[in-house]
Every structure is written in C-alpha cells, then in structure tokens.
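Participant: Could you have a look at this structure, given as structure tokens, before my questions?
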Amino acid sequence: MALSTEASGRLASLLTEHAELVTRRWTEVVAASLRGRLSQAELRSQVQDLHRGIVVAGEGGAIDLESEQAAELRAVLAELSRGRARQGFTATETAVSIYALKDVLLELMESLPDDGTQLRDFVSFSSLIDKMGLFTFESYVRTRESLIADQAEQLLELSTPVVKLWEGVVAVPLVGTLDSARAQVVMERLLQTLVDTSSPYAIIDITGVPAVDTQVAQHILKTVVAARLMGADCIISGIRPQIAQTIVALGIEFGDIATKASLADALRHVLRLTGVENAANRRVRRES
C-alpha cells in the first residue's frame with residue numbers, strides 16, 4: 001500500500017511524539033545485529049539522523065522516497081551506505097539497520113489504542129521502509145563498486161613499478177599476465193619516468209610473464225615504439241627458452257629490438273653501449 005499524504009503526516013507525528021523511545025529501541029535492535037562493531041554513540045547518532053530525515057519528509061507530506069520532500073532523507077541514507085561500505089560492513093548489515101525500524105514501529109503501535117487506521121498505517125509505513133532499504137542497498141553497491149575500481153587501479157600501479165637501475169637506465173619488471181589495461185598503465189608509467197629521469201635506455205623485463213602470445217607481444221611492441229618516440233631505446237629481457245619457442249612458432253618478430261635472456265644481460269648490454277663497462281674494465285686493468 002502506497003504512503004498517502006495523511007499517513008505520511010501521521011508517521012511524522014508518531015515518530016516526533018515518541019522520539020526518545022523510537023531512537024532508543026531502534027539503536028538497540030541495530031546494535032544487536034552489528035554485534036558491537038560500531039560504538040553506541042556513533043550508532044545512536046546515525047539513528048537520530050535517520051529519524052530526523054523521516055520526520056522532515058513526513059511533515060512535508062512526502063508520499064514517496066523519490067519526492068522532493070524526501071531529499072534530506074535520501075541524503076542521510078546515501079551517507080549511511082557510503083560509510084558502512086567503507087567500514088567493511090555487508091550490504092545486508094546495512095539494509096537491516098533500516099528494516100529494524102519496522103520492529104520498533106510494530107512494538108510502538110501495538111502499545112497504543114487502535115483507532116481503526118493502525119493496520120493500514122503500518123502497511124503504508126512498511127512500504128516506505130522497504131523503499132528506504134532498497135535505496136540503501138543500491139547506494140551501498142555503487143560505493144563498493146567505486147572502491148573496488150579504485151583498488152584495482154592502485155593494484156595495477158603497484159604491479160607495474162618502473163625502477164632506475166643506473167644513471168640513464170630504467171627498467172620495468174613485469175610479473176603476471178599483461179592485458180590491455182595493464183599494458184596502458186605500463187606505457188604511461190614508463191614514458192613518465194623517461195621524462196622525469198631523461199633516461200635514454202629502458203629495459204622491459206618479462207621474466208615474470210608466464211606466457212607470451214600475440215596480444216602480449218603487441219602490447220610490448222607498442223610500449224617500445226612509444227618509448228622510441230620519446231627518444232629512448234628499449235631492450236627486452238627475460239626471454240626464456242619456452243618463450244623464445246612460442247615467439248618463433250607464432251611468427252612474432254621484434255625487428256631491430258635488442259633481446260636478452262636475463263635482466264643482468266640486458267643491463268650489461270646497455271652499459272656496454274654507454275661505454276661504462278669498457279671504462280670500468282680499463283680502470284681495473286690499470287689498477288692490476
């Protein structure tokens with residue numbers, strides 16, 4: 001049964017007249033379902049905000065949660081959902097905090113004289129509370145999805161570090177599967193590091209990549225081309241025998257891109273290109 005303007009006003013009056021009793025019992029019921037995971041003070045504050053939001057909506061004659069008069073109530077519900085999602089509560093625990101009001105209202109209305117509208121009003125009130133619970137659930141899900149997306153982005157950044165191995169030499173040690181999203185992060189971080197460090201050489205180490213298929217090879221080649229456009233030469237290291245066989249079988253060609261079996265070999269190659277290794281050998285021979 002939909003909530004009428006008159007029933008909305010009666011709900012506001014009922015909650016206002018018995019404000020202390022309703023907030024106390026509501027807090028107790030919710031606290032029992034959360035098993036002490038929120039302090040009494042914090043929980044009571046949330047219940048009082050919800051209570052006030054419902055009263056304001058009812059006094060404004062709100063007949064639906066989507067109405068203009070229920071704007072403050074929607075804001076309170078959304079804030080509750082966001083807070084619970086960030087604190088690690090489940091969607092069920094969050095929604096139960098709203099549905100608990102049904103039990104409180106039933107207890108209260110049973111203790112009052114019945115003027116013939118009690119049952120009809122309780123059904124109307126329950127309809128509003130059900131919509132509040134659904135709104136809370138949807139807000140919770142949106143917040144969780146946003147948090148998961150942020151965490152996934154952070155994990156992508158953490159899984160693709162760009163390290164400085166030597167003056168003018170940076171490396172990207174790749175571990176795990178290289179998909180399109182991660183390849184984009186690799187490219188962006190490598191190019192930014194090349195700009196920040198003015199490094200002319202970059203080593204892309206795929207020792208930790210379990211398999212190289214056509215898609216992975218294309219991602220690597222795109223990263224190499226992008227680095228070249230920035231004026232840096234790339235060396236690919238970590239070409240194990242199994243990966244070498246796969247690359248040959250797939251007909252993938254790295255062209256004039258230098259490839260090495262290990263990161264150490266790649267670093268030695270770069271140092272030789274820069275003349276660092278030769279200078280070190282000459283110094284060693286002089287000292288001996």
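Ordered as shown in the structure tokens, chains take letters A, B, and onward, while each chain numbers its residues from 1 and ligands are numbered from 1 in the order shown.
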So which residues touch Ile129 (chain A) within 10 Å, counting only C-alpha atoms, skipping near sequence neighbours fewer than 6 positions away, as a VMD selection string?
Facilitator: chain A and resid 54 65 98 to 102 123 135
Participant: Could you give me the residues within region 188-261 of chain A that DSSP places in strand (DSSP E or B), as a ChimeraX atom specification?
Facilitator: /A:201-208,233-237,258-260
Participant: With N, CA, C and O atoms kept, could you save the residues just selected as a PDB file, in the first residue's frame?
Facilitator:
ATOM      1  N   TYR A 201      67.759   4.900 -22.065  1.00  0.00           N
ATOM      2  CA  TYR A 201      67.584   3.451 -22.201  1.00  0.00           C
ATOM      3  C   TYR A 201      66.524   2.935 -21.230  1.00  0.00           C
ATOM      4  O   TYR A 201      66.455   3.383 -20.071  1.00  0.00           O
ATOM      5  N   ALA A 202      65.742   1.972 -21.716  1.00  0.00           N
ATOM      6  CA  ALA A 202      64.725   1.336 -20.876  1.00  0.00           C
ATOM      7  C   ALA A 202      64.766  -0.169 -21.108  1.00  0.00           C
ATOM      8  O   ALA A 202      64.845  -0.627 -22.261  1.00  0.00           O
ATOM      9  N   ILE A 203      64.736  -0.913 -20.023  1.00  0.00           N
ATOM     10  CA  ILE A 203      64.726  -2.378 -20.107  1.00  0.00           C
ATOM     11  C   ILE A 203      63.345  -2.880 -19.693  1.00  0.00           C
ATOM     12  O   ILE A 203      62.863  -2.558 -18.612  1.00  0.00           O
ATOM     13  N   ILE A 204      62.713  -3.641 -20.572  1.00  0.00           N
ATOM     14  CA  ILE A 204      61.415  -4.263 -20.257  1.00  0.00           C
ATOM     15  C   ILE A 204      61.686  -5.729 -19.955  1.00  0.00           C
ATOM     16  O   ILE A 204      62.009  -6.508 -20.862  1.00  0.00           O
ATOM     17  N   ASP A 205      61.578  -6.088 -18.684  1.00  0.00           N
ATOM     18  CA  ASP A 205      61.904  -7.450 -18.259  1.00  0.00           C
ATOM     19  C   ASP A 205      60.635  -8.280 -18.140  1.00  0.00           C
ATOM     20  O   ASP A 205      59.742  -7.963 -17.347  1.00  0.00           O
ATOM     21  N   ILE A 206      60.550  -9.367 -18.927  1.00  0.00           N
ATOM     22  CA  ILE A 206      59.348 -10.213 -18.919  1.00  0.00           C
ATOM     23  C   ILE A 206      59.615 -11.570 -18.273  1.00  0.00           C
ATOM     24  O   ILE A 206      58.906 -12.537 -18.548  1.00  0.00           O
ATOM     25  N   THR A 207      60.631 -11.615 -17.407  1.00  0.00           N
ATOM     26  CA  THR A 207      60.940 -12.877 -16.725  1.00  0.00           C
ATOM     27  C   THR A 207      59.731 -13.417 -15.975  1.00  0.00           C
ATOM     28  O   THR A 207      59.494 -14.630 -15.926  1.00  0.00           O
ATOM     29  N   GLY A 208      58.944 -12.524 -15.375  1.00  0.00           N
ATOM     30  CA  GLY A 208      57.794 -12.943 -14.579  1.00  0.00           C
ATOM     31  C   GLY A 208      56.512 -13.111 -15.361  1.00  0.00           C
ATOM     32  O   GLY A 208      55.453 -13.389 -14.782  1.00  0.00           O
ATOM     33  N   ASP A 233      65.807   4.068 -26.242  1.00  0.00           N
ATOM     34  CA  ASP A 233      65.902   2.718 -26.805  1.00  0.00           C
ATOM     35  C   ASP A 233      65.483   1.697 -25.756  1.00  0.00           C
ATOM     36  O   ASP A 233      65.821   1.828 -24.577  1.00  0.00           O
ATOM     37  N   CYS A 234      64.762   0.666 -26.202  1.00  0.00           N
ATOM     38  CA  CYS A 234      64.293  -0.368 -25.286  1.00  0.00           C
ATOM     39  C   CYS A 234      64.991  -1.698 -25.545  1.00  0.00           C
ATOM     40  O   CYS A 234      65.277  -2.054 -26.690  1.00  0.00           O
ATOM     41  N   ILE A 235      65.272  -2.394 -24.460  1.00  0.00           N
ATOM     42  CA  ILE A 235      65.817  -3.743 -24.525  1.00  0.00           C
ATOM     43  C   ILE A 235      64.847  -4.659 -23.796  1.00  0.00           C
ATOM     44  O   ILE A 235      64.406  -4.345 -22.688  1.00  0.00           O
ATOM     45  N   ILE A 236      64.507  -5.772 -24.413  1.00  0.00           N
ATOM     46  CA  ILE A 236      63.592  -6.727 -23.789  1.00  0.00           C
ATOM     47  C   ILE A 236      64.418  -7.858 -23.189  1.00  0.00           C
ATOM     48  O   ILE A 236      65.209  -8.502 -23.893  1.00  0.00           O
ATOM     49  N   SER A 237      64.241  -8.097 -21.900  1.00  0.00           N
ATOM     50  CA  SER A 237      64.980  -9.170 -21.235  1.00  0.00           C
ATOM     51  C   SER A 237      64.014 -10.202 -20.666  1.00  0.00           C
ATOM     52  O   SER A 237      62.813  -9.954 -20.562  1.00  0.00           O
ATOM     53  N   ALA A 258      66.550  -5.027 -29.328  1.00  0.00           N
ATOM     54  CA  ALA A 258      67.509  -5.913 -28.658  1.00  0.00           C
ATOM     55  C   ALA A 258      66.786  -6.789 -27.643  1.00  0.00           C
ATOM     56  O   ALA A 258      65.920  -6.305 -26.903  1.00  0.00           O
ATOM     57  N   THR A 259      67.091  -8.072 -27.607  1.00  0.00           N
ATOM     58  CA  THR A 259      66.501  -9.007 -26.644  1.00  0.00           C
ATOM     59  C   THR A 259      67.623  -9.744 -25.914  1.00  0.00           C
ATOM     60  O   THR A 259      68.638 -10.097 -26.522  1.00  0.00           O
ATOM     61  N   LYS A 260      67.410  -9.964 -24.609  1.00  0.00           N
ATOM     62  CA  LYS A 260      68.400 -10.650 -23.795  1.00  0.00           C
ATOM     63  C   LYS A 260      67.716 -11.703 -22.934  1.00  0.00           C
ATOM     64  O   LYS A 260      66.526 -11.604 -22.635  1.00  0.00           O
TER      65      LYS A 260
END
Participant: Using DSSP on the backbone coordinates, identify all residues within region 156-274 of chain A classified as alpha helix (DSSP H); present the result as a PyMOL selection string.
Facilitator: chain A and resi 156-158+180-197+214-229+241-250+263-274
Participant: Determine, counting only C-alpha atoms, which protein, DNA and RNA residues have an atom within 12 Å of an atom of Leu112 (chain A); residues of the same chain fewer than 6 positions away are not included. Present the result as an mmCIF file with N, CA and C atoms, in the first residue's frame.
Facilitator:
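part_21.cif written:
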data_model
loop_
_atom_site.group_PDB
_atom_site.id
_atom_site.type_symbol
_atom_site.label_atom_id
_atom_site.label_comp_id
_atom_site.auth_asym_id
_atom_site.auth_seq_id
_atom_site.Cartn_x
_atom_site.Cartn_y
_atom_site.Cartn_z
ATOM 1 N N LEU A 14 3.879 10.426 14.887
ATOM 2 C CA LEU A 14 4.165 9.289 15.751
ATOM 3 C C LEU A 14 5.640 9.276 16.159
ATOM 4 N N HIS A 18 7.039 10.117 20.081
ATOM 5 C CA HIS A 18 7.752 9.048 20.797
ATOM 6 C C HIS A 18 9.219 8.980 20.362
ATOM 7 N N LEU A 105 8.449 0.129 15.154
ATOM 8 C CA LEU A 105 7.125 0.711 14.936
ATOM 9 C C LEU A 105 6.014 -0.269 15.326
ATOM 10 N N LEU A 106 6.222 -1.557 15.042
ATOM 11 C CA LEU A 106 5.212 -2.553 15.399
ATOM 12 C C LEU A 106 5.030 -2.607 16.910
ATOM 13 N N GLN A 118 -4.712 1.732 12.372
ATOM 14 C CA GLN A 118 -3.391 1.259 12.779
ATOM 15 C C GLN A 118 -2.792 0.268 11.780
ATOM 16 N N LEU A 119 -3.551 -0.746 11.379
ATOM 17 C CA LEU A 119 -3.049 -1.766 10.468
ATOM 18 C C LEU A 119 -2.707 -1.160 9.116
#
Participant: Closest to Leu250 (chain A) among A:Ala78, A:Ala264, A:Val216, A:Ala181, using only C-alpha atoms?
Facilitator: A:Val216
Participant: For Leu221 (chain A), which of A:Asp196, A:Asp103, A:Met187, A:Ile239 is the closest residue, counting only C-alpha atoms?
Facilitator: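 That would be A:Met187, the residue with the smallest distance to Leu221 (chain A).
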Participant: Can you check which parts of region 101-186 of chain A lie within 7 Å of region 88-97 of chain A? Per residue, the shortest pair of atoms and distance in Å to one decimal, counting only C-alpha atoms, sorted by chain and number, as a tab-separated table.
Facilitator:
residue	atom	partner	partner_atom	distance
A:Gly133	CA	A:Ala95	CA	5.1
A:Thr136	CA	A:Ala95	CA	6.2
A:Phe137	CA	A:Ala91	CA	6.0
A:Tyr140	CA	A:Ala91	CA	6.4
Participant: Taking only C-alpha atoms into account, which of A:Ile252, A:Ala266, A:Val55, A:Leu21 comes nearest Gln218 (chain A)?
Facilitator: A:Ile252
Participant: Just the residues within 9 Å of Thr27 (chain A), please, counting only C-alpha atoms, with nothing from its chain fewer than 4 positions along; format it as JSON, numbers by chain.
Facilitator: {"A": [22, 23, 31, 32, 40, 43, 44, 46, 47, 48, 97, 100]}
Participant: Show me, as CSV, the residues of region 233-270 of chain A having an atom within 9 Å of region 160-178 of chain A, each with the closest atom pair and its distance in Å, using only C-alpha atoms.
Facilitator:
residue,atom,partner,partner_atom,distance
A:Leu263,CA,A:Pro173,CA,8.8
A:Leu267,CA,A:Leu165,CA,8.1
A:Val270,CA,A:Val169,CA,7.7
Participant: Save out the residues we just selected, N, CA, C and O atoms, as an mmCIF file, in the first residue's frame.
Facilitator:
data_model
loop_
_atom_site.group_PDB
_atom_site.id
_atom_site.type_symbol
_atom_site.label_atom_id
_atom_site.label_comp_id
_atom_site.auth_asym_id
_atom_site.auth_seq_id
_atom_site.Cartn_x
_atom_site.Cartn_y
_atom_site.Cartn_z
ATOM 1 N N LEU A 263 67.802 -10.063 -17.065
ATOM 2 C CA LEU A 263 67.907 -8.634 -16.762
ATOM 3 C C LEU A 263 69.369 -8.222 -16.636
ATOM 4 O O LEU A 263 69.763 -7.136 -17.069
ATOM 5 N N LEU A 267 71.281 -5.310 -18.743
ATOM 6 C CA LEU A 267 71.988 -4.191 -18.119
ATOM 7 C C LEU A 267 73.422 -4.115 -18.627
ATOM 8 O O LEU A 267 73.929 -3.029 -18.922
ATOM 9 N N VAL A 270 73.426 -2.560 -22.041
ATOM 10 C CA VAL A 270 73.248 -1.107 -22.011
ATOM 11 C C VAL A 270 74.530 -0.414 -21.553
ATOM 12 O O VAL A 270 74.946 0.609 -22.117
#
Participant: Given only C-alpha atoms as the basis, pick out the residue of A:Val76, A:Arg84, A:Leu34, A:Ala232 nearest to Leu194 (chain A).
Facilitator: A:Ala232
Participant: Could you pull the residues within 10 Å of Ile63 (chain A), counting only C-alpha atoms, minus those fewer than 3 positions along the same chain, as a PyMOL selection string?
Facilitator: chain A and resi 2-9+57-58+60+66-70+124+128
Participant: Take the residues just selected and output them with N, CA, C and O atoms as a CSV table (one decimal), in the first residue's frame.
Facilitator:
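New file result-v2.csv:
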chain,number,residue,atom,x,y,z
A,2,ALA,N,0.6,2.2,-1.0
A,2,ALA,CA,1.4,3.4,-1.1
A,2,ALA,C,1.2,4.3,0.1
A,2,ALA,O,0.1,4.3,0.7
A,3,LEU,N,2.1,5.1,0.4
A,3,LEU,CA,2.0,6.1,1.5
A,3,LEU,C,1.2,7.3,1.0
A,3,LEU,O,1.6,7.9,0.1
A,4,SER,N,0.2,7.6,1.8
A,4,SER,CA,-0.6,8.8,1.4
A,4,SER,C,-0.1,10.0,2.2
A,4,SER,O,0.7,9.9,3.1
A,5,THR,N,-0.5,11.2,1.8
A,5,THR,CA,0.0,12.4,2.4
A,5,THR,C,-0.5,12.4,3.9
A,5,THR,O,0.3,12.8,4.8
A,6,GLU,N,-1.7,11.9,4.2
A,6,GLU,CA,-2.2,11.9,5.6
A,6,GLU,C,-1.4,10.9,6.4
A,6,GLU,O,-1.0,11.1,7.5
A,7,ALA,N,-1.1,9.7,5.8
A,7,ALA,CA,-0.3,8.7,6.5
A,7,ALA,C,1.1,9.2,6.8
A,7,ALA,O,1.7,8.9,7.8
A,8,SER,N,1.6,9.9,5.8
A,8,SER,CA,3.0,10.4,6.0
A,8,SER,C,3.0,11.4,7.1
A,8,SER,O,4.0,11.4,7.9
A,9,GLY,N,2.0,12.2,7.3
A,9,GLY,CA,1.9,13.1,8.4
A,9,GLY,C,1.8,12.4,9.7
A,9,GLY,O,2.4,12.8,10.7
A,57,ALA,N,10.6,14.5,6.1
A,57,ALA,CA,9.9,14.0,4.9
A,57,ALA,C,8.4,13.9,5.2
A,57,ALA,O,7.6,14.3,4.4
A,58,GLY,N,8.0,13.4,6.4
A,58,GLY,CA,6.6,13.2,6.7
A,58,GLY,C,5.9,14.5,6.9
A,58,GLY,O,4.8,14.7,6.5
A,60,GLY,N,6.6,17.2,5.5
A,60,GLY,CA,6.5,17.8,4.2
A,60,GLY,C,5.5,17.2,3.4
A,60,GLY,O,5.2,17.6,2.2
A,66,GLU,N,11.2,9.2,-3.6
A,66,GLU,CA,11.8,10.0,-4.7
A,66,GLU,C,11.3,11.4,-4.7
A,66,GLU,O,11.7,12.2,-5.6
A,67,SER,N,10.3,11.7,-3.9
A,67,SER,CA,9.8,13.1,-3.9
A,67,SER,C,10.7,14.1,-3.4
A,67,SER,O,11.7,13.8,-2.7
A,68,GLU,N,10.5,15.4,-3.7
A,68,GLU,CA,11.3,16.5,-3.3
A,68,GLU,C,11.4,16.6,-1.8
A,68,GLU,O,12.5,17.0,-1.2
A,69,GLN,N,10.3,16.3,-1.1
A,69,GLN,CA,10.3,16.5,0.3
A,69,GLN,C,11.2,15.5,1.1
A,69,GLN,O,11.5,15.6,2.2
A,70,ALA,N,11.5,14.4,0.4
A,70,ALA,CA,12.4,13.3,1.0
A,70,ALA,C,13.9,13.5,0.6
A,70,ALA,O,14.6,12.6,0.8
A,124,SER,N,1.5,0.9,5.2
A,124,SER,CA,2.0,2.1,4.5
A,124,SER,C,3.4,2.4,4.9
A,124,SER,O,4.3,2.7,4.1
A,128,LEU,N,7.2,2.3,2.9
A,128,LEU,CA,8.3,3.3,2.8
A,128,LEU,C,9.6,2.8,3.3
A,128,LEU,O,10.6,3.1,2.7
Participant: Set the distance at 8 Å and use only C-alpha atoms: which residues neighbour Ala226 (chain A) once local chain neighbours fewer than 3 positions away are removed? I'd like the list as an MDAnalysis selection string.
Facilitator: chainID A and resid 187 191 222:223 229:230
Participant: When you draw a straight line from CA of Arg52 (chain A) to CA of Thr16 (chain A), how long is it in Å?
Facilitator: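 That distance, rounded to one decimal, is 8.8 Å.
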Participant: A:Val248, A:Ala71, A:Val224, A:Val212: which is nearest Leu190 (chain A), counting only C-alpha atoms?
Facilitator: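 With only C-alpha atoms as the atom set, the closest residue is A:Val224.
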Participant: Neighbours of Ala249 (chain A) within 12 Å (only C-alpha atoms; same-chain residues fewer than 5 positions away dropped), as an MDAnalysis selection string?
Facilitator: chainID A and resid 212:214 242:244
Participant: Please write the residues from the selection above to a file, keeping N, CA, C and O atoms, as a PDB file, in the first residue's frame.
Facilitator:
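Below is the file again.pdb, written as the result:
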ATOM      1  N   VAL A 212      53.843 -15.664 -23.423  1.00  0.00           N
ATOM      2  CA  VAL A 212      53.788 -14.559 -24.375  1.00  0.00           C
ATOM      3  C   VAL A 212      53.007 -15.025 -25.605  1.00  0.00           C
ATOM      4  O   VAL A 212      53.444 -15.939 -26.308  1.00  0.00           O
ATOM      5  N   ASP A 213      51.848 -14.428 -25.815  1.00  0.00           N
ATOM      6  CA  ASP A 213      51.073 -14.723 -27.017  1.00  0.00           C
ATOM      7  C   ASP A 213      51.104 -13.498 -27.929  1.00  0.00           C
ATOM      8  O   ASP A 213      51.805 -12.515 -27.658  1.00  0.00           O
ATOM      9  N   THR A 214      50.335 -13.544 -28.976  1.00  0.00           N
ATOM     10  CA  THR A 214      50.334 -12.444 -29.936  1.00  0.00           C
ATOM     11  C   THR A 214      49.900 -11.130 -29.291  1.00  0.00           C
ATOM     12  O   THR A 214      50.488 -10.074 -29.534  1.00  0.00           O
ATOM     13  N   GLN A 242      61.381 -21.403 -23.422  1.00  0.00           N
ATOM     14  CA  GLN A 242      59.991 -21.715 -23.757  1.00  0.00           C
ATOM     15  C   GLN A 242      59.323 -20.532 -24.467  1.00  0.00           C
ATOM     16  O   GLN A 242      58.569 -20.711 -25.432  1.00  0.00           O
ATOM     17  N   ILE A 243      59.595 -19.327 -23.958  1.00  0.00           N
ATOM     18  CA  ILE A 243      59.005 -18.134 -24.568  1.00  0.00           C
ATOM     19  C   ILE A 243      59.588 -17.906 -25.953  1.00  0.00           C
ATOM     20  O   ILE A 243      58.872 -17.522 -26.893  1.00  0.00           O
ATOM     21  N   ALA A 244      60.896 -18.155 -26.104  1.00  0.00           N
ATOM     22  CA  ALA A 244      61.526 -17.994 -27.417  1.00  0.00           C
ATOM     23  C   ALA A 244      60.880 -18.923 -28.437  1.00  0.00           C
ATOM     24  O   ALA A 244      60.606 -18.525 -29.586  1.00  0.00           O
TER      25      ALA A 244
END
Participant: Restricting the calculation to only C-alpha atoms, which member of A:Asp115, A:Glu107, A:Leu271, A:Leu11 is positioned closest to Val29 (chain A)?
Facilitator: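 Nearest to Val29 (chain A): A:Glu107.
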Participant: Which value, in Å to one decimal, gives the distance between CA of Gly36 (chain A) and CA of Leu15 (chain A)?
Facilitator: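 So the two atoms, CA of Gly36 (chain A) and CA of Leu15 (chain A), lie 25.7 Å apart.
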